[in-house]
Every structure is written in C-alpha cells, then in structure tokens.
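> For reference, this is coords-v6.pdb, and it has PDB, C-alpha atoms, pLDDT in the B column.
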```
ATOM      1  CA  MET K   1      -9.192   4.531 -31.578  1.00 46.00           C
ATOM      2  CA  GLY K   2      -9.923   0.809 -31.417  1.00 48.00           C
ATOM      3  CA  LYS K   3     -10.958  -0.979 -28.266  1.00 55.00           C
ATOM      4  CA  VAL K   4      -8.097  -2.304 -26.127  1.00 55.00           C
ATOM      5  CA  VAL K   5      -8.137  -6.097 -26.063  1.00 64.00           C
ATOM      6  CA  ILE K   6      -7.171  -7.564 -22.692  1.00 76.00           C
ATOM      7  CA  ASP K   7      -5.371 -10.907 -22.660  1.00 82.00           C
ATOM      8  CA  LEU K   8      -7.030 -12.447 -19.580  1.00 84.00           C
ATOM      9  CA  GLU K   9      -4.908 -15.601 -19.673  1.00 89.00           C
ATOM     10  CA  LYS K  10      -1.714 -13.539 -19.718  1.00 91.00           C
ATOM     11  CA  GLU K  11      -3.016 -11.421 -16.813  1.00 92.00           C
ATOM     12  CA  LYS K  12      -3.806 -14.574 -14.854  1.00 93.00           C
ATOM     13  CA  GLN K  13      -0.214 -15.784 -15.333  1.00 95.00           C
ATOM     14  CA  GLU K  14       1.158 -12.382 -14.275  1.00 95.00           C
ATOM     15  CA  ILE K  15      -0.998 -12.427 -11.125  1.00 96.00           C
ATOM     16  CA  LEU K  16       0.268 -15.919 -10.204  1.00 96.00           C
ATOM     17  CA  LYS K  17       3.833 -14.774 -10.863  1.00 97.00           C
ATOM     18  CA  ALA K  18       3.348 -11.803  -8.495  1.00 97.00           C
ATOM     19  CA  TYR K  19       1.873 -14.119  -5.847  1.00 97.00           C
ATOM     20  CA  ARG K  20       4.809 -16.546  -6.107  1.00 96.00           C
ATOM     21  CA  ARG K  21       7.227 -13.609  -5.813  1.00 96.00           C
ATOM     22  CA  LEU K  22       5.423 -12.605  -2.609  1.00 96.00           C
ATOM     23  CA  LEU K  23       5.821 -16.121  -1.182  1.00 95.00           C
ATOM     24  CA  ARG K  24       9.533 -16.228  -2.057  1.00 94.00           C
ATOM     25  CA  SER K  25       9.976 -12.828  -0.461  1.00 94.00           C
ATOM     26  CA  ALA K  26       8.191 -13.961   2.713  1.00 93.00           C
ATOM     27  CA  LYS K  27      10.433 -17.040   3.001  1.00 91.00           C
ATOM     28  CA  ARG K  28      13.595 -15.064   2.204  1.00 91.00           C
ATOM     29  CA  HIS K  29      12.823 -12.548   4.941  1.00 88.00           C
ATOM     30  CA  GLY K  30      11.964 -15.287   7.444  1.00 84.00           C
ATOM     31  CA  ALA K  31       8.302 -14.345   7.880  1.00 85.00           C
ATOM     32  CA  LYS K  32       7.100 -16.060  11.052  1.00 86.00           C
ATOM     33  CA  GLY K  33       3.744 -17.823  11.251  1.00 87.00           C
ATOM     34  CA  ASP K  34       1.519 -19.971   9.052  1.00 84.00           C
ATOM     35  CA  LEU K  35       2.283 -19.247   5.389  1.00 86.00           C
ATOM     36  CA  LYS K  36      -0.496 -21.704   4.358  1.00 88.00           C
ATOM     37  CA  MET K  37      -2.959 -19.033   5.456  1.00 93.00           C
ATOM     38  CA  VAL K  38      -1.415 -16.681   2.865  1.00 95.00           C
ATOM     39  CA  ARG K  39      -2.705 -18.868   0.000  1.00 95.00           C
ATOM     40  CA  LYS K  40      -6.195 -18.774   1.470  1.00 96.00           C
ATOM     41  CA  ALA K  41      -5.994 -14.975   1.812  1.00 97.00           C
ATOM     42  CA  PHE K  42      -4.766 -14.661  -1.786  1.00 97.00           C
ATOM     43  CA  ASP K  43      -7.717 -16.726  -3.063  1.00 96.00           C
ATOM     44  CA  VAL K  44     -10.210 -14.622  -1.051  1.00 97.00           C
ATOM     45  CA  ALA K  45      -8.660 -11.333  -2.227  1.00 97.00           C
ATOM     46  CA  LEU K  46      -8.550 -12.534  -5.853  1.00 97.00           C
ATOM     47  CA  GLU K  47     -12.263 -13.340  -5.763  1.00 96.00           C
ATOM     48  CA  ALA K  48     -13.175 -10.112  -3.923  1.00 96.00           C
ATOM     49  CA  HIS K  49     -11.351  -7.893  -6.442  1.00 96.00           C
ATOM     50  CA  LYS K  50     -11.979 -10.014  -9.572  1.00 93.00           C
ATOM     51  CA  ASP K  51     -13.860  -7.311 -11.515  1.00 89.00           C
ATOM     52  CA  MET K  52     -11.835  -4.351 -10.271  1.00 93.00           C
ATOM     53  CA  ARG K  53      -9.072  -2.460 -12.053  1.00 92.00           C
ATOM     54  CA  ARG K  54      -6.738   0.316 -10.975  1.00 92.00           C
ATOM     55  CA  LYS K  55      -6.553   3.674 -12.762  1.00 87.00           C
ATOM     56  CA  SER K  56      -3.575   2.280 -14.720  1.00 88.00           C
ATOM     57  CA  GLY K  57      -5.862  -0.407 -16.172  1.00 88.00           C
ATOM     58  CA  GLU K  58      -4.162  -3.347 -14.458  1.00 93.00           C
ATOM     59  CA  PRO K  59      -6.163  -5.811 -12.294  1.00 95.00           C
ATOM     60  CA  TYR K  60      -6.651  -4.434  -8.768  1.00 96.00           C
ATOM     61  CA  ILE K  61      -5.239  -7.581  -7.131  1.00 97.00           C
ATOM     62  CA  PHE K  62      -1.693  -6.435  -8.017  1.00 97.00           C
ATOM     63  CA  HIS K  63      -2.079  -3.690  -5.384  1.00 97.00           C
ATOM     64  CA  PRO K  64      -2.797  -5.933  -2.336  1.00 98.00           C
ATOM     65  CA  ILE K  65      -0.061  -8.349  -3.456  1.00 98.00           C
ATOM     66  CA  ALA K  66       2.417  -5.444  -3.620  1.00 98.00           C
ATOM     67  CA  VAL K  67       1.286  -4.136  -0.208  1.00 98.00           C
ATOM     68  CA  ALA K  68       1.753  -7.620   1.298  1.00 98.00           C
ATOM     69  CA  GLU K  69       5.261  -7.776  -0.206  1.00 97.00           C
ATOM     70  CA  ILE K  70       6.202  -4.383   1.283  1.00 98.00           C
ATOM     71  CA  VAL K  71       4.846  -5.608   4.626  1.00 97.00           C
ATOM     72  CA  THR K  72       7.219  -8.582   4.707  1.00 96.00           C
ATOM     73  CA  ALA K  73      10.249  -7.445   2.639  1.00 95.00           C
ATOM     74  CA  GLU K  74      10.540  -3.803   3.739  1.00 96.00           C
ATOM     75  CA  ILE K  75       8.884  -3.738   7.166  1.00 96.00           C
ATOM     76  CA  GLY K  76       9.740  -7.282   8.285  1.00 94.00           C
ATOM     77  CA  LEU K  77       6.321  -8.442   9.506  1.00 95.00           C
ATOM     78  CA  GLY K  78       5.093 -12.056   9.618  1.00 94.00           C
ATOM     79  CA  ALA K  79       2.449 -14.241   7.965  1.00 95.00           C
ATOM     80  CA  LYS K  80      -0.540 -12.683   9.752  1.00 95.00           C
ATOM     81  CA  SER K  81       0.426  -9.228   8.501  1.00 96.00           C
ATOM     82  CA  ILE K  82       0.966 -10.582   4.961  1.00 97.00           C
ATOM     83  CA  VAL K  83      -2.575 -11.985   5.133  1.00 97.00           C
ATOM     84  CA  CYS K  84      -3.881  -8.583   6.267  1.00 97.00           C
ATOM     85  CA  GLY K  85      -1.938  -6.860   3.485  1.00 97.00           C
ATOM     86  CA  LEU K  86      -3.642  -9.093   0.927  1.00 98.00           C
ATOM     87  CA  LEU K  87      -7.079  -8.512   2.472  1.00 97.00           C
ATOM     88  CA  HIS K  88      -6.798  -4.845   3.496  1.00 96.00           C
ATOM     89  CA  ASP K  89      -9.369  -3.545   0.963  1.00 95.00           C
ATOM     90  CA  THR K  90     -11.705  -6.544   0.759  1.00 96.00           C
ATOM     91  CA  VAL K  91     -14.289  -5.449   3.343  1.00 94.00           C
ATOM     92  CA  GLU K  92     -14.470  -1.935   1.903  1.00 91.00           C
ATOM     93  CA  ASP K  93     -14.619  -3.073  -1.737  1.00 91.00           C
ATOM     94  CA  SER K  94     -16.729  -6.250  -1.660  1.00 93.00           C
ATOM     95  CA  ASP K  95     -19.607  -7.986   0.125  1.00 94.00           C
ATOM     96  CA  LEU K  96     -17.223  -9.581   2.645  1.00 96.00           C
ATOM     97  CA  THR K  97     -17.699  -8.542   6.271  1.00 96.00           C
ATOM     98  CA  ILE K  98     -15.515  -8.432   9.364  1.00 96.00           C
ATOM     99  CA  GLU K  99     -17.488 -11.472  10.563  1.00 97.00           C
ATOM    100  CA  ASP K 100     -16.381 -13.326   7.407  1.00 97.00           C
ATOM    101  CA  MET K 101     -12.773 -12.374   8.182  1.00 97.00           C
ATOM    102  CA  ARG K 102     -13.162 -13.627  11.750  1.00 97.00           C
ATOM    103  CA  TYR K 103     -14.609 -16.941  10.547  1.00 97.00           C
ATOM    104  CA  LEU K 104     -11.984 -17.461   7.822  1.00 96.00           C
ATOM    105  CA  PHE K 105      -8.833 -16.083   9.463  1.00 96.00           C
ATOM    106  CA  GLY K 106      -9.427 -15.673  13.195  1.00 95.00           C
ATOM    107  CA  GLU K 107      -9.939 -12.846  15.668  1.00 95.00           C
ATOM    108  CA  ARG K 108      -6.592 -11.026  15.306  1.00 94.00           C
ATOM    109  CA  VAL K 109      -6.700 -10.773  11.487  1.00 95.00           C
ATOM    110  CA  ALA K 110     -10.333  -9.597  11.683  1.00 95.00           C
ATOM    111  CA  MET K 111      -9.363  -6.921  14.212  1.00 93.00           C
ATOM    112  CA  ILE K 112      -6.500  -5.602  12.050  1.00 93.00           C
ATOM    113  CA  ILE K 113      -8.679  -5.496   8.918  1.00 94.00           C
ATOM    114  CA  ASP K 114     -11.420  -3.750  10.895  1.00 91.00           C
ATOM    115  CA  GLY K 115      -8.843  -1.131  11.962  1.00 88.00           C
ATOM    116  CA  LEU K 116      -7.662  -0.667   8.359  1.00 89.00           C
ATOM    117  CA  THR K 117     -11.241  -0.340   7.080  1.00 87.00           C
ATOM    118  CA  LYS K 118     -12.046   2.310   9.708  1.00 81.00           C
ATOM    119  CA  LEU K 119      -8.827   4.179   8.860  1.00 78.00           C
ATOM    120  CA  ASN K 120      -9.826   4.232   5.185  1.00 76.00           C
ATOM    121  CA  VAL K 121     -13.207   5.723   6.106  1.00 70.00           C
ATOM    122  CA  VAL K 122     -11.517   8.459   8.157  1.00 67.00           C
ATOM    123  CA  MET K 123      -8.973   9.173   5.392  1.00 67.00           C
ATOM    124  CA  ASN K 124     -11.704   9.468   2.766  1.00 63.00           C
ATOM    125  CA  LEU K 125     -13.531  12.210   4.652  1.00 54.00           C
ATOM    126  CA  ASP K 126     -12.601  15.369   2.756  1.00 47.00           C
ATOM    127  CA  GLY K 127     -12.479  17.632   5.766  1.00 48.00           C
ATOM    128  CA  GLU K 128      -9.811  19.829   7.316  1.00 47.00           C
ATOM    129  CA  SER K 129      -8.604  16.996   9.558  1.00 46.00           C
ATOM    130  CA  SER K 130      -5.666  16.127   7.291  1.00 47.00           C
ATOM    131  CA  LEU K 131      -4.314  19.651   7.818  1.00 46.00           C
ATOM    132  CA  GLN K 132      -4.165  19.248  11.594  1.00 56.00           C
ATOM    133  CA  THR K 133      -1.468  16.647  11.186  1.00 58.00           C
ATOM    134  CA  GLU K 134      -0.250  16.299  14.759  1.00 60.00           C
ATOM    135  CA  ASN K 135      -3.759  15.710  16.121  1.00 61.00           C
ATOM    136  CA  PHE K 136      -4.465  13.370  13.234  1.00 64.00           C
ATOM    137  CA  ARG K 137      -1.322  11.309  13.872  1.00 62.00           C
ATOM    138  CA  LYS K 138      -2.252  11.010  17.549  1.00 62.00           C
ATOM    139  CA  MET K 139      -5.726   9.867  16.550  1.00 61.00           C
ATOM    140  CA  LEU K 140      -4.243   7.257  14.173  1.00 65.00           C
ATOM    141  CA  LEU K 141      -2.044   5.863  16.917  1.00 62.00           C
ATOM    142  CA  THR K 142      -4.735   5.832  19.600  1.00 59.00           C
ATOM    143  CA  MET K 143      -7.484   4.305  17.444  1.00 58.00           C
ATOM    144  CA  SER K 144      -5.213   1.406  16.437  1.00 62.00           C
ATOM    145  CA  SER K 145      -5.052  -1.198  19.179  1.00 73.00           C
ATOM    146  CA  ASP K 146      -2.529  -3.140  17.070  1.00 86.00           C
ATOM    147  CA  ILE K 147       0.457  -1.262  15.632  1.00 89.00           C
ATOM    148  CA  ARG K 148       0.285  -3.534  12.578  1.00 93.00           C
ATOM    149  CA  VAL K 149      -2.755  -1.523  11.432  1.00 91.00           C
ATOM    150  CA  ILE K 150      -0.528   1.564  11.067  1.00 90.00           C
ATOM    151  CA  LEU K 151       2.361  -0.406   9.518  1.00 94.00           C
ATOM    152  CA  ILE K 152       0.113  -1.998   6.863  1.00 95.00           C
ATOM    153  CA  LYS K 153      -1.471   1.407   6.183  1.00 93.00           C
ATOM    154  CA  LEU K 154       2.030   2.814   5.581  1.00 95.00           C
ATOM    155  CA  ALA K 155       2.764  -0.068   3.167  1.00 97.00           C
ATOM    156  CA  ASP K 156      -0.518   0.695   1.381  1.00 96.00           C
ATOM    157  CA  ARG K 157       0.404   4.380   1.055  1.00 96.00           C
ATOM    158  CA  LEU K 158       3.940   3.570  -0.122  1.00 97.00           C
ATOM    159  CA  HIS K 159       2.637   1.421  -2.977  1.00 97.00           C
ATOM    160  CA  ASN K 160       0.031   4.057  -3.897  1.00 96.00           C
ATOM    161  CA  MET K 161       2.823   6.656  -4.065  1.00 96.00           C
ATOM    162  CA  ARG K 162       4.978   4.362  -6.216  1.00 96.00           C
ATOM    163  CA  THR K 163       2.094   4.048  -8.706  1.00 95.00           C
ATOM    164  CA  LEU K 164       0.736   7.605  -8.509  1.00 95.00           C
ATOM    165  CA  GLU K 165       1.546   8.516 -12.128  1.00 93.00           C
ATOM    166  CA  SER K 166      -1.754   7.031 -13.386  1.00 89.00           C
ATOM    167  CA  MET K 167      -3.861   9.383 -11.217  1.00 91.00           C
ATOM    168  CA  ARG K 168      -5.279  12.778 -12.236  1.00 93.00           C
ATOM    169  CA  ARG K 169      -3.058  15.774 -11.408  1.00 93.00           C
ATOM    170  CA  ASP K 170      -5.408  17.117  -8.700  1.00 92.00           C
ATOM    171  CA  LYS K 171      -5.476  13.688  -7.038  1.00 92.00           C
ATOM    172  CA  GLN K 172      -1.678  13.436  -7.262  1.00 93.00           C
ATOM    173  CA  LEU K 173      -1.321  16.771  -5.451  1.00 94.00           C
ATOM    174  CA  LYS K 174      -3.816  15.844  -2.726  1.00 91.00           C
ATOM    175  CA  ILE K 175      -2.276  12.417  -2.082  1.00 92.00           C
ATOM    176  CA  ALA K 176       1.330  13.696  -2.242  1.00 94.00           C
ATOM    177  CA  SER K 177       0.560  16.555   0.150  1.00 92.00           C
ATOM    178  CA  GLU K 178      -1.176  14.208   2.597  1.00 88.00           C
ATOM    179  CA  THR K 179       1.796  11.812   2.359  1.00 92.00           C
ATOM    180  CA  MET K 180       4.379  14.536   3.020  1.00 92.00           C
ATOM    181  CA  TYR K 181       2.606  15.965   6.069  1.00 87.00           C
ATOM    182  CA  LEU K 182       1.041  12.853   7.581  1.00 86.00           C
ATOM    183  CA  TYR K 183       2.545   9.552   6.473  1.00 91.00           C
ATOM    184  CA  ALA K 184       6.254  10.441   6.151  1.00 93.00           C
ATOM    185  CA  PRO K 185       6.432  11.853   9.730  1.00 89.00           C
ATOM    186  CA  LEU K 186       4.484   8.804  10.956  1.00 88.00           C
ATOM    187  CA  ALA K 187       7.029   6.468   9.316  1.00 93.00           C
ATOM    188  CA  HIS K 188       9.820   8.507  10.948  1.00 93.00           C
ATOM    189  CA  ARG K 189       8.183   8.192  14.358  1.00 89.00           C
ATOM    190  CA  LEU K 190       7.981   4.430  13.947  1.00 90.00           C
ATOM    191  CA  GLY K 191      11.672   4.177  12.967  1.00 94.00           C
ATOM    192  CA  LEU K 192      10.999   3.280   9.303  1.00 96.00           C
ATOM    193  CA  TYR K 193      13.596   5.734   8.016  1.00 96.00           C
ATOM    194  CA  GLN K 194      13.994   4.258   4.536  1.00 97.00           C
ATOM    195  CA  ILE K 195      10.229   4.300   3.957  1.00 97.00           C
ATOM    196  CA  LYS K 196      10.044   7.835   5.371  1.00 97.00           C
ATOM    197  CA  SER K 197      12.740   9.001   2.899  1.00 95.00           C
ATOM    198  CA  GLU K 198      11.038   7.358  -0.067  1.00 96.00           C
ATOM    199  CA  LEU K 199       7.629   8.813   0.868  1.00 97.00           C
ATOM    200  CA  GLU K 200       9.187  12.285   1.083  1.00 95.00           C
ATOM    201  CA  ASP K 201      11.033  11.889  -2.216  1.00 94.00           C
ATOM    202  CA  LEU K 202       7.930  10.646  -4.060  1.00 95.00           C
ATOM    203  CA  SER K 203       5.811  13.432  -2.549  1.00 95.00           C
ATOM    204  CA  PHE K 204       8.382  16.031  -3.597  1.00 93.00           C
ATOM    205  CA  LYS K 205       8.382  14.562  -7.128  1.00 92.00           C
ATOM    206  CA  TYR K 206       4.664  15.400  -7.511  1.00 94.00           C
ATOM    207  CA  LEU K 207       4.510  18.585  -5.444  1.00 92.00           C
ATOM    208  CA  GLU K 208       7.595  20.207  -7.057  1.00 89.00           C
ATOM    209  CA  PRO K 209       8.204  18.246 -10.298  1.00 78.00           C
ATOM    210  CA  GLU K 210      10.589  20.727 -11.969  1.00 81.00           C
ATOM    211  CA  LEU K 211      12.755  21.174  -8.884  1.00 81.00           C
ATOM    212  CA  HIS K 212      12.749  17.396  -8.266  1.00 71.00           C
ATOM    213  CA  THR K 213      13.960  16.732 -11.837  1.00 76.00           C
ATOM    214  CA  LYS K 214      16.665  19.388 -11.512  1.00 77.00           C
ATOM    215  CA  ILE K 215      17.972  17.963  -8.212  1.00 78.00           C
ATOM    216  CA  SER K 216      17.806  14.352  -9.514  1.00 71.00           C
ATOM    217  CA  GLU K 217      19.812  15.279 -12.608  1.00 69.00           C
ATOM    218  CA  GLY K 218      22.359  17.162 -10.485  1.00 70.00           C
ATOM    219  CA  LEU K 219      22.786  14.141  -8.208  1.00 72.00           C
ATOM    220  CA  GLN K 220      23.236  11.794 -11.174  1.00 73.00           C
ATOM    221  CA  GLN K 221      25.878  14.068 -12.710  1.00 72.00           C
ATOM    222  CA  SER K 222      27.846  14.278  -9.481  1.00 71.00           C
ATOM    223  CA  GLN K 223      27.440  10.597  -8.549  1.00 69.00           C
ATOM    224  CA  ARG K 224      30.860   9.474  -9.788  1.00 66.00           C
ATOM    225  CA  LYS K 225      32.585  12.228  -7.828  1.00 69.00           C
ATOM    226  CA  ARG K 226      30.596  11.414  -4.671  1.00 63.00           C
ATOM    227  CA  THR K 227      31.277   7.681  -5.059  1.00 62.00           C
TER     228      THR K 227
END
```
Please lay out the structure from this file as structure tokens.

Amino acid sequence: MGKVVIDLEKEKQEILKAYRRLLRSAKRHGAKGDLKMVRKAFDVALEAHKDMRRKSGEPYIFHPIAVAEIVTAEIGLGAKSIVCGLLHDTVEDSDLTIEDMRYLFGERVAMIIDGLTKLNVVMNLDGESSLQTENFRKMLLTMSSDIRVILIKLADRLHNMRTLESMRRDKQLKIASETMYLYAPLAHRLGLYQIKSELEDLSFKYLEPELHTKISEGLQQSQRKRT
C-alpha cells in the first residue's frame, strides 16, 4: 500500500472552519464573558497540539475544539469554560505549565486546567479504583473545587465516546465500561439528562453491539407507528 498523502492546507482550512463553528455556537447560546480570550486559547492549543494526531488520523486539535463546543452548546457554560475546553489537554501533552496558564489566562482558568490535568492522571491509573464507582464519584466531586472541572471532563468523555470507533476493541470496552458505570451516573447527578442518555447509549453500543443493533433496528421500524 502506498503512503497516505496529507493535504496540510486543506486540514488548516478545516481546523479554521471548526473554530469558526465554535464561535458561532458560543454566540448563539449566549456564552457570557470575554470571547476574545477564546481566540488566544485556540492559538495556544493549536501550537501545543501541532504535531499530534488522534487514532483516526485527524489532527488532535479537532478534539479540544469539539469539547469546547459541547461545553457551550450542550452544557451552556460561558467563555472561561470554552477556553478551558480548548486548553484541557495542553499541560498534559506539551511543555506548557499551570504557571503559563495563570500568566496567559488568569487564576481561575489555571485552576480549572490544573483540576482537569489531575483528573486525567487519576483516570489513567489502571487500578481497581474505577470499579468502586461510588467512592470514585465522591472523590471526583470533592477534589474539584470548581464544578466546571467535572462538567468539562464530561464534555471530554462525551466527545471521546462519539469518536470511539477508531480505538482498538479492548480500549473500546474499557472506555465504554468506565463511561457506563462512572460518567453516565455523574451526568445524571448533575442534571445533564440528555448527556447521561447519550453516554449510556454509546456505551451500550460498544459493550453489547449485537443487541444494540437489534434494538436500534426495532425502534426504526416502529418509529412511524410511535410518531
């Protein structure tokens, strides 16, 4: 097989298109706060993730843009949270530090990103903690001095679940199981019922693919009658 040729100029245009869609979404949903800071956060995130790609092969920056869009369009948070959505992986994945975040974006943004970075460290520990879900949820809530840390983490997980098809099967099962038993109940507890339902449905799709297909087909066939 020949080498895949990547059209960098086309990717650049697609990235800008995704960023503009995020801005339109923020304005449409009345995101409060300084949207000028969002451009600065986008530029920092773009530079931090410039050489990174997701398992699907697409530039990594599409992920933080999508998380930021979920944060504003589906959770209803403001400009500061959009900034944090764009920057949520930068400290973990680049040479940027929490001090850099504090200098560039202020104390509150730095604190939220610090919380998200610590959460990622905890989540990446392959221990038994994820099985003790109730204790783990309590720990998540108590270690987050700002509820936006949890909300942005839920947005991050929702986008990862929406794009899970490019992962290896064993990873899909691990992430889907964790989502079903940890993140969906957390979304429910925070009153994000639509996100909770989607997390459950996507988890079910990977944990029980045959049954999920059967139920989906049954629902489609009976849709006219139910309507």
> Specify as a JSON list (two decimals) with C-alpha atoms, keeping the file's coordinate frame each residue included when the PyMOL selection byres ((chain K and resi 187) around 10) is applied to this file.

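The file below, result.json, is the result:
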```json
[["chain", "number", "residue", "atom", "x", "y", "z"],
["K", 150, "ILE", "CA", -0.53, 1.56, 11.07],
["K", 151, "LEU", "CA", 2.36, -0.41, 9.52],
["K", 154, "LEU", "CA", 2.03, 2.81, 5.58],
["K", 155, "ALA", "CA", 2.76, -0.07, 3.17],
["K", 182, "LEU", "CA", 1.04, 12.85, 7.58],
["K", 183, "TYR", "CA", 2.54, 9.55, 6.47],
["K", 184, "ALA", "CA", 6.25, 10.44, 6.15],
["K", 185, "PRO", "CA", 6.43, 11.85, 9.73],
["K", 186, "LEU", "CA", 4.48, 8.80, 10.96],
["K", 188, "HIS", "CA", 9.82, 8.51, 10.95],
["K", 189, "ARG", "CA", 8.18, 8.19, 14.36],
["K", 190, "LEU", "CA", 7.98, 4.43, 13.95],
["K", 191, "GLY", "CA", 11.67, 4.18, 12.97],
["K", 192, "LEU", "CA", 11.00, 3.28, 9.30],
["K", 193, "TYR", "CA", 13.60, 5.73, 8.02],
["K", 194, "GLN", "CA", 13.99, 4.26, 4.54],
["K", 195, "ILE", "CA", 10.23, 4.30, 3.96],
["K", 196, "LYS", "CA", 10.04, 7.84, 5.37],
["K", 197, "SER", "CA", 12.74, 9.00, 2.90],
["K", 199, "LEU", "CA", 7.63, 8.81, 0.87]]
```
> Taking the file as I've supplied it (selection: the PyMOL selection byres ((chain K and resi 86) around 9)), which residues are included? Please answer as JSON, numbers by chain.
{"K": [38, 41, 42, 44, 45, 61, 63, 64, 65, 66, 67, 68, 81, 82, 83, 84, 85, 87, 88, 89, 90]}
> For this structure, which residues satisfy the selection - the PyMOL selection byres ((chain K and resi 48-55) around 8) - when it is evaluated on the file as given? I want them as a PyMOL selection string.
chain K and resi 44-47+56-61+90+93-96+166-167
> Which residue out of K:Asp114, K:Glu165, K:Glu14, K:Glu208 has the minimum interatomic distance to K:Val91 when all atoms listed in the file are used?
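Nearest candidate to K:Val91 out of K:Asp114, K:Glu165, K:Glu14, K:Glu208: K:Asp114.
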> So how far away is atom CA of K:Leu173 from atom CA of K:Ile112, in Å?
28.9 Å
> Tell me which protein, DNA and RNA residues are within 9 Å of K:Leu35, counting all atoms listed in the file, leaving out same-chain ones fewer than 5 positions away, and put them as a PyMOL selection string.
chain K and resi 23+26-27+78-80+82-83
> Keeping only C-alpha atoms, take the residues you just selected and write them out as a CSV table (one decimal), in the coordinates of the input.

```
chain,number,residue,atom,x,y,z
K,23,LEU,CA,5.8,-16.1,-1.2
K,26,ALA,CA,8.2,-14.0,2.7
K,27,LYS,CA,10.4,-17.0,3.0
K,78,GLY,CA,5.1,-12.1,9.6
K,79,ALA,CA,2.4,-14.2,8.0
K,80,LYS,CA,-0.5,-12.7,9.8
K,82,ILE,CA,1.0,-10.6,5.0
K,83,VAL,CA,-2.6,-12.0,5.1
```
> I'd like the interatomic distance between atom CA of K:Phe105 and atom CA of K:Ser145, to a tenth of an Å.
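Atom CA of K:Ser145 lies at a distance of 18.2 Å from atom CA of K:Phe105.
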> What does the distance from atom CA of K:Gln172 to atom CA of K:Ser216 come to in Å, to one decimal?
19.6 Å
> Using only C-alpha atoms, which of K:Lys40, K:Lys205, K:Leu77, K:Ile98 sits nearest K:Ile147?
K:Leu77
> Find the spatial neighbours of K:His29, counting all atoms listed in the file, within a cut-off of 7 Å - ignore same-chain residues fewer than 6 positions away - and output them as a ChimeraX atom specification.
/K:72-73,76
> For the point (-4.4, 2.2, 9.9) in file coordinates, what residues are within 9 Å, counting only C-alpha atoms? Give the answer as a list of chain:residue names?
K:Ile112, K:Ile113, K:Gly115, K:Leu116, K:Thr117, K:Lys118, K:Leu119, K:Asn120, K:Leu140, K:Leu141, K:Met143, K:Ser144, K:Ile147, K:Arg148, K:Val149, K:Ile150, K:Leu151, K:Ile152, K:Lys153, K:Leu154
